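Inspection log for the structure reproduced underneath, given as structure tokens.
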Amino acid sequence: MPVLPQQSSRPGAPAPRRTPDATPARRTALAEGVDRLRAAATTEPGRLRAIGALLAVLVVAFGAVTAWQTDSRATAADDVLHHSQPLSSDAADIYRSLADANTMAATGYLAGLQETTATRDQYELDIRTAAAKLVTAAANADPGSSSATTIRQLNELLPEYKGLVESARANNRQGFPVGGAYLRAANDTMQTKMLPKAQDLYKNENQRLSADYADATPYPWAAIALGVLALGGLAWAQRRNYQRTNRVLNQGLVAASATTAVVLLWVVVGHTVARAGLNDSYDHGVKSLNVLHDARIASLKARSDENLTLVSRGAETHELADGTVMDAYDWGYDQEIAALGKGLTLADSLADDSAGRGPVAVANSSMTVWIARHKKVSEANNAGDYQKARDGVIGTGDATAECFKSVDASLDKALDHETKEFQRSAGDGLDAMTGLTVGAAVLAVLGAAGAVLGIGRRLSEYR
């Protein structure tokens with residue numbers, strides 16, 4: 001067995017080295033804080049402080065979320081009333097102005113040297129209106145959007161169309177038949193390029209309007225849920241206080257509960273009223289306006305096709321499904337007058353008062369007379385009596401021009417009425433949310449302060 005060397009025991013010999021014990025790691029501030037909170041939670045003052053902090057956070061969070069959600073809905077409601085719906089109407093006016101300009105151009109061409117100043121002035125007004133509305137639409141369109149592209153294309157096509165119309169008029173005044181070709185080219189530019197693009201712009205603006213309605217009408221469920229949770233927490237704190245002290249009321253907690261309840265009630269009632277107003281503005285305003293705009297456009301296109309039937313004199317044809325060939329513009333008139341009739345029927349069903357139904361009824365009566373007179377015009381034209389057909393369209397007697405003017409004026413009156421109905425209902429919806437954003441924030445701060453003061457009063461009893 002090996003013998004282990006013995007340590008020297010002589011005096012003055014150095015002591016053997018020992019490995020020092022590891023120093024305990026210092027705890028993090030977070031861990032120490034958690035421990036202090038746990039220790040505090042074992043005492044009533046500590047629990048009260050935690051309850052007060054939690055109640056204050058709940059009430060403030062309720063106020064902040066309420067202010068945020070209410071502000072976003074109020075902004076969307078304001079956009080509905082002051083931006084998207086007016087822009088949608090502007091887009092419809094662009095379409096109407098272009099279609100009416102085309103109608104006036106054809107009417108003036110038919111009149112030839114007898115073209116009235118009123119017809120010429122109306123054409124110029126339509127062109128200026130379309131140009132001005134395009135400027136407004138361009139200013140409100142998002143850069144690079146499809147609407148911006150459509151507006152740019154319409155601005156490029158407008159002078160081209162005007163040039164073709166002026167060429168048609170110049171040749172017509174000199175008696176050159178080529179004027180009719182220029183007018184048909186202008187009409188083709190309008191019907192196949194400009195009006196479809198104007199229709200796309202109208203659809204885009206309506207989609208924006210629908211999106212604003214979708215943002216403005218939902219209930220602020222997150223805010224409502226936080227409000228209910230905050231009220232529940234305050235009720236629990238007051239019940240706990242009663243069980244420990246037999247005191248029925250704590251003034252601070254009561255004040256916090258009252259402000260929270262006021263905000264919650266304000267949110268629910270305010271948004272309910274706002275939703276009712278906005279939904280009413282859509283159901284009895286926007287829907288009616290869209291139908292009336294479509295009906296007016298159909299009447300304008302029918303009038304334009306009626307005029308062009310006499311201008312083209314059979315140069316353009318359309319083959320029906322059964323193989324029958326008829327004048328293309330006469331066929332177009334039939335399609336548009338049918339669309340007008342359907343539109344007027346729908347507009348009558350949407351109108352919710354006599355002021356809205358009255359103009360629609362007048363337009364419907366005028367359309368019925370228009371159809372009867374147009375039938376006589378077609379018979380004269382098919383019989384080769386061009387002068388009689390022309391007088392039946394733009395003459396001063398029982399001409400279809402009177403019917404068209406009556407339809408157009410009646411639809412304009414109906415549009416004006418429904419616009420006011422929309423503005424009233426949408427305005428009521430927006431007013432219902434007035435002050436709610438700021439009010440909710442202020443009351444929430446007061447409620448949180450009340451909760452803290454109420455808990456603080458209990459804490460003072462432990463000092």
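Please note that chains go A, B, ... in the order of the structure tokens, that every chain numbers its residues from 1, and that ligands are numbered from 1 in the order shown.
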
Spatial neighbours of stretch 113-120 of chain A, max dist 7 Å, only C-alpha atoms, sep filter under 5 positions, as a list in words
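Skipping anything fewer than 5 positions along the chain leaves Met104, Gly108 and Arg173 of chain A.
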
Name all residues at most 7 Å from A:Ala451 (count only C-alpha atoms; drop same-chain ones fewer than 6 positions away) and give them as a list of chain:residue names.
A:Gly52, A:Leu55, A:Ala56, A:Gly252, A:Leu253, A:Ala256

For stretch 94-100 of chain A, please output as a list in words all residues within 6 Å (counting only C-alpha atoms; exclusion window: fewer than 4 positions along the same chain).
Asp126, Ala130, Ala198, Ile297 and Leu300 of chain A

Write out the residues from the selection above, keeping C-alpha atoms, as a PDB file, in the first residue's frame.
ATOM      1  CA  ASP A 126     -72.693  70.702 -69.817  1.00  0.00           C
ATOM      2  CA  ALA A 130     -68.159  68.106 -66.616  1.00  0.00           C
ATOM      3  CA  ALA A 198     -67.607  58.068 -66.222  1.00  0.00           C
ATOM      4  CA  ILE A 297     -78.945  58.911 -67.285  1.00  0.00           C
ATOM      5  CA  LEU A 300     -80.588  61.245 -71.481  1.00  0.00           C
TER       6      LEU A 300
END

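Secondary structure of stretch 214-329 of chain A, strand (DSSP E or B) only (DSSP, backbone atoms): A:Thr317, A:His318, A:Glu319, A:Val325, A:Met326, A:Asp327.
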
Just give me the gap between atom CA of A:Trp221 and atom CA of A:Lys287 in Å, one decimal is fine.
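These atoms are spaced 27.7 Å apart.
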
Would you please work out which residue, of A:Tyr329, A:Phe404, A:Phe422, A:Trp266, is nearest to A:Ala363 when using only C-alpha atoms?
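Under the stated criterion, the closest residue is A:Phe404.
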
What's around A:Leu157 at 12 Å? Count only C-alpha atoms, leave out sequence neighbours fewer than 3 positions away in its own chain, and write the answer as a PyMOL selection string.
chain A and resi 98+127+130-131+150-154+160-164+186+188-195+197-198

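Taking only C-alpha atoms, the non-local environment of A:Ser312 within 9 Å (same-chain residues fewer than 3 positions away omitted) comprises A:Gly180, A:Ala181, A:Arg184, A:Asn307, A:Leu308, A:Thr309, A:Ala315, A:Glu316, A:Asp327, A:Tyr329.
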
Which residues, written as an MDAnalysis selection string, have at least one atom at most 12 Å from A:Leu289, with only C-alpha atoms counted and residues fewer than 4 positions away on the same chain left out?
chainID A and resid 85:86 88:90 92:93 206 281:285 293:296 343:344 346:348 350:351 356 411:423
